[in-house]
Structures are given as structure tokens and as C-alpha cells.
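Chemist: Hey, dropping protein39.csv in here, CSV, N, CA and C atoms:
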```
chain,number,residue,atom,x,y,z
A,16,MET,N,173.1,69.4,42.4
A,16,MET,CA,172.9,69.8,41.0
A,16,MET,C,173.9,69.2,40.1
A,17,ARG,N,173.6,68.8,38.9
A,17,ARG,CA,174.5,68.2,38.0
A,17,ARG,C,174.8,69.0,36.8
A,18,GLU,N,175.8,68.6,36.1
A,18,GLU,CA,176.2,69.3,34.9
A,18,GLU,C,175.1,69.0,33.8
A,19,LEU,N,174.7,70.0,33.1
A,19,LEU,CA,173.6,69.8,32.1
A,19,LEU,C,174.2,69.6,30.7
A,20,ALA,N,173.6,68.6,30.0
A,20,ALA,CA,174.0,68.4,28.6
A,20,ALA,C,173.1,69.4,27.7
A,21,LEU,N,173.4,69.5,26.5
A,21,LEU,CA,172.8,70.4,25.6
A,21,LEU,C,171.3,70.1,25.5
A,22,ALA,N,170.9,68.9,25.5
A,22,ALA,CA,169.4,68.5,25.4
A,22,ALA,C,168.7,68.9,26.7
A,23,ASP,N,169.4,68.7,27.8
A,23,ASP,CA,168.8,69.1,29.1
A,23,ASP,C,168.6,70.6,29.2
A,24,THR,N,169.6,71.4,28.7
A,24,THR,CA,169.5,72.8,28.7
A,24,THR,C,168.4,73.3,27.8
A,25,GLY,N,168.3,72.6,26.6
A,25,GLY,CA,167.2,72.9,25.7
A,25,GLY,C,165.8,72.7,26.4
A,26,CYS,N,165.7,71.6,27.1
A,26,CYS,CA,164.4,71.3,27.8
A,26,CYS,C,164.1,72.4,28.8
A,27,LEU,N,165.1,72.8,29.6
A,27,LEU,CA,164.9,73.9,30.6
A,27,LEU,C,164.5,75.2,29.9
A,28,ALA,N,165.2,75.5,28.8
A,28,ALA,CA,164.9,76.7,28.1
A,28,ALA,C,163.5,76.7,27.5
A,29,GLY,N,163.0,75.5,27.0
A,29,GLY,CA,161.7,75.4,26.6
A,29,GLY,C,160.7,75.5,27.7
A,30,MET,N,161.0,75.0,28.9
A,30,MET,CA,160.1,75.2,30.0
A,30,MET,C,160.0,76.6,30.5
A,31,VAL,N,161.1,77.3,30.4
A,31,VAL,CA,161.0,78.8,30.7
A,31,VAL,C,160.1,79.5,29.8
A,32,LEU,N,160.3,79.2,28.5
A,32,LEU,CA,159.4,79.9,27.5
A,32,LEU,C,157.9,79.5,27.7
A,33,LEU,N,157.7,78.2,28.0
A,33,LEU,CA,156.4,77.7,28.2
A,33,LEU,C,155.7,78.3,29.5
A,34,SER,N,156.5,78.7,30.4
A,34,SER,CA,156.0,79.3,31.7
A,34,SER,C,155.4,80.7,31.4
A,35,LEU,N,155.7,81.3,30.3
A,35,LEU,CA,155.1,82.6,29.9
A,35,LEU,C,153.7,82.5,29.3
A,36,LEU,N,153.4,81.3,28.9
A,36,LEU,CA,152.1,81.1,28.1
A,36,LEU,C,150.9,81.4,28.9
A,37,LEU,N,150.8,80.9,30.1
A,37,LEU,CA,149.5,81.1,30.9
A,37,LEU,C,149.3,82.5,31.4
A,38,PRO,N,150.4,83.2,31.9
A,38,PRO,CA,150.1,84.6,32.3
A,38,PRO,C,149.8,85.5,31.1
A,39,LEU,N,150.4,85.3,30.0
A,39,LEU,CA,150.1,86.1,28.8
A,39,LEU,C,148.7,85.8,28.3
A,40,GLN,N,148.3,84.5,28.3
A,40,GLN,CA,147.0,84.2,27.9
A,40,GLN,C,145.9,84.9,28.8
A,41,LEU,N,146.2,84.9,30.1
A,41,LEU,CA,145.2,85.6,31.0
A,41,LEU,C,145.2,87.1,30.7
A,42,ALA,N,146.4,87.6,30.5
A,42,ALA,CA,146.4,89.1,30.2
A,42,ALA,C,145.7,89.4,28.9
A,43,PHE,N,145.8,88.6,27.9
A,43,PHE,CA,145.0,88.8,26.6
A,43,PHE,C,143.5,88.6,26.8
A,44,GLN,N,143.2,87.6,27.6
A,44,GLN,CA,141.7,87.4,27.9
A,44,GLN,C,141.2,88.6,28.7
A,45,ASN,N,142.0,89.2,29.6
A,45,ASN,CA,141.5,90.4,30.3
A,45,ASN,C,141.4,91.6,29.4
A,46,ARG,N,142.2,91.7,28.4
A,46,ARG,CA,142.1,92.8,27.4
A,46,ARG,C,140.8,92.7,26.6
A,47,GLN,N,140.3,91.5,26.3
A,47,GLN,CA,139.1,91.4,25.5
A,47,GLN,C,137.9,91.7,26.4
A,48,GLY,N,138.0,91.5,27.6
A,48,GLY,CA,136.9,91.7,28.6
A,48,GLY,C,137.4,91.3,29.9
A,49,PRO,N,137.0,92.1,31.0
A,49,PRO,CA,137.6,91.8,32.3
A,49,PRO,C,137.2,90.4,32.8
A,50,VAL,N,138.2,89.7,33.2
A,50,VAL,CA,138.0,88.4,33.8
A,50,VAL,C,138.7,88.5,35.2
A,51,ASN,N,137.9,88.6,36.2
A,51,ASN,CA,138.4,88.7,37.6
A,51,ASN,C,137.9,87.5,38.4
A,52,ASN,N,138.3,86.3,37.9
A,52,ASN,CA,137.8,85.1,38.6
A,52,ASN,C,139.0,84.4,39.3
A,53,LYS,N,138.8,84.1,40.5
A,53,LYS,CA,139.9,83.4,41.3
A,53,LYS,C,140.3,82.0,40.7
A,54,SER,N,139.3,81.4,40.2
A,54,SER,CA,139.6,80.0,39.6
A,54,SER,C,140.6,80.1,38.4
A,55,CYS,N,140.5,81.2,37.6
A,55,CYS,CA,141.4,81.5,36.5
A,55,CYS,C,142.8,81.7,37.1
A,56,LEU,N,142.9,82.4,38.1
A,56,LEU,CA,144.3,82.6,38.7
A,56,LEU,C,144.8,81.3,39.3
A,57,LYS,N,143.9,80.5,39.9
A,57,LYS,CA,144.4,79.2,40.4
A,57,LYS,C,144.9,78.3,39.3
A,58,THR,N,144.2,78.4,38.2
A,58,THR,CA,144.7,77.6,37.0
A,58,THR,C,146.0,78.0,36.5
A,59,VAL,N,146.3,79.3,36.5
A,59,VAL,CA,147.6,79.8,36.1
A,59,VAL,C,148.6,79.4,37.1
A,60,TRP,N,148.4,79.4,38.4
A,60,TRP,CA,149.3,79.0,39.4
A,60,TRP,C,149.6,77.5,39.3
A,61,LEU,N,148.5,76.7,39.0
A,61,LEU,CA,148.7,75.3,38.9
A,61,LEU,C,149.6,75.0,37.7
A,62,GLY,N,149.4,75.6,36.6
A,62,GLY,CA,150.3,75.4,35.4
A,62,GLY,C,151.7,75.8,35.7
A,63,GLN,N,151.9,76.9,36.4
A,63,GLN,CA,153.2,77.4,36.7
A,63,GLN,C,153.9,76.4,37.6
A,64,GLY,N,153.1,75.9,38.6
A,64,GLY,CA,153.7,74.9,39.5
A,64,GLY,C,154.1,73.6,38.9
A,65,LEU,N,153.3,73.2,37.9
A,65,LEU,CA,153.7,71.9,37.1
A,65,LEU,C,155.0,72.1,36.4
A,66,VAL,N,155.2,73.3,35.8
A,66,VAL,CA,156.4,73.6,35.1
A,66,VAL,C,157.6,73.7,36.0
A,67,VAL,N,157.4,74.2,37.2
A,67,VAL,CA,158.5,74.3,38.2
A,67,VAL,C,158.9,72.9,38.6
A,68,CYS,N,157.9,72.1,38.9
A,68,CYS,CA,158.2,70.7,39.3
A,68,CYS,C,158.9,69.9,38.2
A,69,ALA,N,158.5,70.1,37.0
A,69,ALA,CA,159.2,69.5,35.9
A,69,ALA,C,160.6,70.0,35.7
A,70,ALA,N,160.8,71.3,36.0
A,70,ALA,CA,162.2,71.8,35.9
A,70,ALA,C,163.1,71.2,37.0
A,71,PHE,N,162.5,71.1,38.2
A,71,PHE,CA,163.3,70.4,39.2
A,71,PHE,C,163.6,69.0,38.9
A,72,GLY,N,162.7,68.3,38.3
A,72,GLY,CA,162.9,66.9,37.9
A,72,GLY,C,164.0,66.8,36.8
A,73,ALA,N,164.0,67.8,35.9
A,73,ALA,CA,165.0,67.8,34.9
A,73,ALA,C,166.4,68.1,35.4
A,74,LEU,N,166.4,68.9,36.5
A,74,LEU,CA,167.7,69.3,37.0
A,74,LEU,C,168.3,68.1,37.9
A,75,THR,N,167.5,67.3,38.5
A,75,THR,CA,168.0,66.3,39.4
A,75,THR,C,168.5,65.1,38.8
A,76,SER,N,167.8,64.6,37.7
A,76,SER,CA,168.2,63.4,37.1
A,76,SER,C,168.3,63.5,35.6
A,77,ALA,N,169.3,62.9,35.0
A,77,ALA,CA,169.5,62.9,33.6
A,77,ALA,C,168.5,62.0,32.9
A,78,THR,N,168.2,60.9,33.6
A,78,THR,CA,167.2,59.9,33.0
A,78,THR,C,165.8,60.4,33.0
A,79,LEU,N,165.5,61.3,34.0
A,79,LEU,CA,164.1,61.8,34.1
A,79,LEU,C,163.9,63.1,33.4
A,80,ALA,N,165.0,63.7,32.8
A,80,ALA,CA,164.9,65.0,32.2
A,80,ALA,C,163.8,65.1,31.1
A,81,HIS,N,163.9,64.2,30.2
A,81,HIS,CA,162.9,64.2,29.1
A,81,HIS,C,161.5,63.9,29.5
A,82,PHE,N,161.4,63.0,30.4
A,82,PHE,CA,160.0,62.7,30.9
A,82,PHE,C,159.5,63.9,31.7
A,83,ALA,N,160.3,64.5,32.5
A,83,ALA,CA,159.9,65.7,33.2
A,83,ALA,C,159.5,66.8,32.3
A,84,ALA,N,160.2,67.0,31.2
A,84,ALA,CA,159.9,68.0,30.2
A,84,ALA,C,158.6,67.7,29.5
A,85,ALA,N,158.3,66.4,29.2
A,85,ALA,CA,157.1,66.1,28.6
A,85,ALA,C,155.9,66.3,29.6
A,86,LEU,N,156.1,65.9,30.9
A,86,LEU,CA,155.1,66.1,31.9
A,86,LEU,C,154.8,67.6,32.0
A,87,GLY,N,155.8,68.5,32.0
A,87,GLY,CA,155.6,69.9,32.1
A,87,GLY,C,154.9,70.4,30.9
A,88,LEU,N,155.2,70.0,29.7
A,88,LEU,CA,154.5,70.4,28.5
A,88,LEU,C,153.1,70.0,28.5
A,89,LEU,N,152.8,68.7,28.8
A,89,LEU,CA,151.4,68.3,28.8
A,89,LEU,C,150.6,68.9,29.9
A,90,GLY,N,151.1,69.1,31.1
A,90,GLY,CA,150.4,69.8,32.2
A,90,GLY,C,150.1,71.2,31.9
A,91,ASN,N,151.1,71.9,31.3
A,91,ASN,CA,150.9,73.3,30.9
A,91,ASN,C,149.9,73.4,29.8
A,92,LEU,N,149.9,72.6,28.8
A,92,LEU,CA,148.9,72.6,27.7
A,92,LEU,C,147.5,72.3,28.3
A,93,ALA,N,147.4,71.4,29.2
A,93,ALA,CA,146.1,71.1,29.8
A,93,ALA,C,145.6,72.3,30.6
A,94,ALA,N,146.5,73.0,31.3
A,94,ALA,CA,146.1,74.1,32.1
A,94,ALA,C,145.7,75.3,31.2
A,95,THR,N,146.4,75.4,30.0
A,95,THR,CA,146.0,76.4,29.0
A,95,THR,C,144.6,76.2,28.5
A,96,ALA,N,144.3,74.9,28.1
A,96,ALA,CA,143.0,74.7,27.6
A,96,ALA,C,141.9,74.9,28.7
A,97,ARG,N,142.2,74.5,29.9
A,97,ARG,CA,141.3,74.8,31.0
A,97,ARG,C,141.1,76.3,31.3
A,98,LEU,N,142.2,77.0,31.2
A,98,LEU,CA,142.1,78.5,31.4
A,98,LEU,C,141.2,79.1,30.3
A,99,PHE,N,141.4,78.7,29.1
A,99,PHE,CA,140.6,79.3,28.0
A,99,PHE,C,139.2,79.0,28.2
A,100,LYS,N,138.8,77.8,28.6
A,100,LYS,CA,137.4,77.5,28.8
A,100,LYS,C,136.8,78.2,30.0
A,101,GLN,N,137.6,78.4,31.1
A,101,GLN,CA,137.2,79.2,32.2
A,101,GLN,C,136.9,80.6,31.9
A,102,CYS,N,137.8,81.2,31.1
A,102,CYS,CA,137.7,82.6,30.7
A,102,CYS,C,136.4,82.8,29.8
A,103,GLN,N,136.2,81.8,28.9
A,103,GLN,CA,135.0,81.9,28.1
A,103,GLN,C,133.7,81.8,28.9
A,104,ALA,N,133.8,80.9,29.9
A,104,ALA,CA,132.6,80.7,30.7
A,104,ALA,C,132.3,82.0,31.6
A,105,VAL,N,133.3,82.6,32.1
A,105,VAL,CA,133.2,83.8,32.9
A,105,VAL,C,132.7,84.9,32.1
A,106,ARG,N,133.1,85.1,30.9
A,106,ARG,CA,132.7,86.1,30.0
A,106,ARG,C,131.3,86.0,29.5
A,107,GLN,N,130.8,84.8,29.4
A,107,GLN,CA,129.4,84.5,28.9
A,107,GLN,C,128.4,84.8,30.0
A,108,THR,N,128.8,84.7,31.3
A,108,THR,CA,127.8,84.9,32.3
A,108,THR,C,127.6,86.4,32.7
```
Hey, can you dump this file as C-alpha cells for me?
Modeler:
Amino acid sequence: MRELALADTGCLAGMVLLSLLLPLQLAFQNRQGPVNNKSCLKTVWLGQGLVVCAAFGALTSATLAHFAAALGLLGNLAATARLFKQCQAVRQT
């Protein structure tokens, strides 16, 4: 583990806040109507896994920290969009 600069610490703090997005979205989707689909849970775990991998990448290398944060952000936003579409599809059936 290395000593973190302020920008690296900010990236990690942003990823921690971003990791709350998918579980909260699934909770709010369940409040509007029950969604008990295993694929929705797999999408949440995939998004969480991408953020964890990005956090490990940010911790290991200073040069990769910003690229890892961008990868975590884009991966989590893609998982969020997929989760929204999956919950809508489950609710319509």
C-alpha cells in the first residue's frame, strides 16, 4: 500500500459514495413494486465488483488511480442503467 495524495483520497471517497448507488436504486425500485429478480441482484453485484476493482487499482498505483476511478465510474453508471431497464422489464411482465 502506498501513501495517498489528496486527489487519490478524493477518488476513493467518490467510489465509496458511488458504491451506494446500486443498492439504493434497487431498494427504491422494490418500494414502487416488488422486484425479486436474480438478474437484478447480479447486476448490483457486478457494479459493486467493478467499484472494488477500481478502488484496488487506485490504491496500488498512482499513475493508474485516475484511470481506475474513471473505469469504476463508467462501469457503475452502465450497471445503473442496466439495472433500471431490468427493473422496468420485470415490472411490466
Chemist: Just how far from atom C of Gly25 of chain A is atom N of Gly90 of chain A, in Å to one decimal?
Modeler: 15.8 Å
Chemist: Can you pull out the residues contacting segment 62-65 of chain A? Cut-off 7 Å, using only C-alpha atoms, and skip same-chain residues under 2 positions away; I want them as a VMD selection string.
Modeler: chain A and resid 34 58 to 60 67 to 69 87 90 to 91 94
Chemist: One decimal, in Å: what's the spacing between atom C of Ala83 of chain A and atom CA of Ala70 of chain A?
Modeler: 6.7 Å
Chemist: Which one of A:Leu98, A:Leu36, A:Cys26, A:Ala73 sits closest to Leu56 of chain A if you count all atoms listed in the file?
Modeler: A:Leu98
Chemist: Go through chain A and collect every residue that DSSP, computed from the backbone, puts in helix (DSSP H, G or I); the answer should be as a PyMOL selection string.
Modeler: chain A and resi 21-33+36-47+53-75+80-107
Chemist: May I ask which of the residues A:Leu19, A:Ala42, A:Leu33, A:Cys55 is the closest one to Leu74 of chain A, counting all atoms listed in the file?
Modeler: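 Ranked by minimum distance to Leu74 of chain A, first place goes to A:Leu19.
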Chemist: With distances taken over all atoms listed in the file, which residue among A:Leu39, A:Asn45, A:Glu18, A:Met30 lies nearest Cys102 of chain A?
Modeler: A:Asn45
Chemist: What separation in Å, quoted to one decimal, exists between atom N of Leu35 of chain A and atom CA of Gln107 of chain A?
Modeler: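 Taking atom N of Leu35 of chain A and atom CA of Gln107 of chain A, their separation equals 26.5 Å.
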Chemist: For segment 54-79 of chain A, supply N, CA, C and O atoms and format the output as a compact mmCIF listing (two decimals), in the frame of the given file.
Modeler:
```txt
# COMPACT_ATOMS: atom_id res chain seq x y z
N SER A 54 139.30 81.40 40.20
CA SER A 54 139.60 80.00 39.60
C SER A 54 140.60 80.10 38.40
O SER A 54 141.37 79.25 38.17
N CYS A 55 140.50 81.20 37.60
CA CYS A 55 141.40 81.50 36.50
C CYS A 55 142.80 81.70 37.10
O CYS A 55 143.76 81.11 36.50
N LEU A 56 142.90 82.40 38.10
CA LEU A 56 144.30 82.60 38.70
C LEU A 56 144.80 81.30 39.30
O LEU A 56 146.02 81.04 39.23
N LYS A 57 143.90 80.50 39.90
CA LYS A 57 144.40 79.20 40.40
C LYS A 57 144.90 78.30 39.30
O LYS A 57 145.85 77.57 39.49
N THR A 58 144.20 78.40 38.20
CA THR A 58 144.70 77.60 37.00
C THR A 58 146.00 78.00 36.50
O THR A 58 146.89 77.19 36.21
N VAL A 59 146.30 79.30 36.50
CA VAL A 59 147.60 79.80 36.10
C VAL A 59 148.60 79.40 37.10
O VAL A 59 149.70 78.88 36.67
N TRP A 60 148.40 79.40 38.40
CA TRP A 60 149.30 79.00 39.40
C TRP A 60 149.60 77.50 39.30
O TRP A 60 150.70 77.02 39.52
N LEU A 61 148.50 76.70 39.00
CA LEU A 61 148.70 75.30 38.90
C LEU A 61 149.60 75.00 37.70
O LEU A 61 150.51 74.12 37.80
N GLY A 62 149.40 75.60 36.60
CA GLY A 62 150.30 75.40 35.40
C GLY A 62 151.70 75.80 35.70
O GLY A 62 152.64 75.09 35.26
N GLN A 63 151.90 76.90 36.40
CA GLN A 63 153.20 77.40 36.70
C GLN A 63 153.90 76.40 37.60
O GLN A 63 155.09 76.08 37.52
N GLY A 64 153.10 75.90 38.60
CA GLY A 64 153.70 74.90 39.50
C GLY A 64 154.10 73.60 38.90
O GLY A 64 155.12 72.99 39.21
N LEU A 65 153.30 73.20 37.90
CA LEU A 65 153.70 71.90 37.10
C LEU A 65 155.00 72.10 36.40
O LEU A 65 155.85 71.25 36.30
N VAL A 66 155.20 73.30 35.80
CA VAL A 66 156.40 73.60 35.10
C VAL A 66 157.60 73.70 36.00
O VAL A 66 158.70 73.16 35.71
N VAL A 67 157.40 74.20 37.20
CA VAL A 67 158.50 74.30 38.20
C VAL A 67 158.90 72.90 38.60
O VAL A 67 160.07 72.56 38.75
N CYS A 68 157.90 72.10 38.90
CA CYS A 68 158.20 70.70 39.30
C CYS A 68 158.90 69.90 38.20
O CYS A 68 159.83 69.15 38.48
N ALA A 69 158.50 70.10 37.00
CA ALA A 69 159.20 69.50 35.90
C ALA A 69 160.60 70.00 35.70
O ALA A 69 161.52 69.22 35.42
N ALA A 70 160.80 71.30 36.00
CA ALA A 70 162.20 71.80 35.90
C ALA A 70 163.10 71.20 37.00
O ALA A 70 164.24 70.88 36.72
N PHE A 71 162.50 71.10 38.20
CA PHE A 71 163.30 70.40 39.20
C PHE A 71 163.60 69.00 38.90
O PHE A 71 164.70 68.49 39.19
N GLY A 72 162.70 68.30 38.30
CA GLY A 72 162.90 66.90 37.90
C GLY A 72 164.00 66.80 36.80
O GLY A 72 164.77 65.91 36.82
N ALA A 73 164.00 67.80 35.90
CA ALA A 73 165.00 67.80 34.90
C ALA A 73 166.40 68.10 35.40
O ALA A 73 167.38 67.65 34.89
N LEU A 74 166.40 68.90 36.50
CA LEU A 74 167.70 69.30 37.00
C LEU A 74 168.30 68.10 37.90
O LEU A 74 169.52 68.02 38.00
N THR A 75 167.50 67.30 38.50
CA THR A 75 168.00 66.30 39.40
C THR A 75 168.50 65.10 38.80
O THR A 75 169.43 64.47 39.23
N SER A 76 167.80 64.60 37.70
CA SER A 76 168.20 63.40 37.10
C SER A 76 168.30 63.50 35.60
O SER A 76 167.36 63.99 34.94
N ALA A 77 169.30 62.90 35.00
CA ALA A 77 169.50 62.90 33.60
C ALA A 77 168.50 62.00 32.90
O ALA A 77 168.00 62.25 31.79
N THR A 78 168.20 60.90 33.60
CA THR A 78 167.20 59.90 33.00
C THR A 78 165.80 60.40 33.00
O THR A 78 164.99 60.06 32.14
N LEU A 79 165.50 61.30 34.00
CA LEU A 79 164.10 61.80 34.10
C LEU A 79 163.90 63.10 33.40
O LEU A 79 162.79 63.61 33.33
```
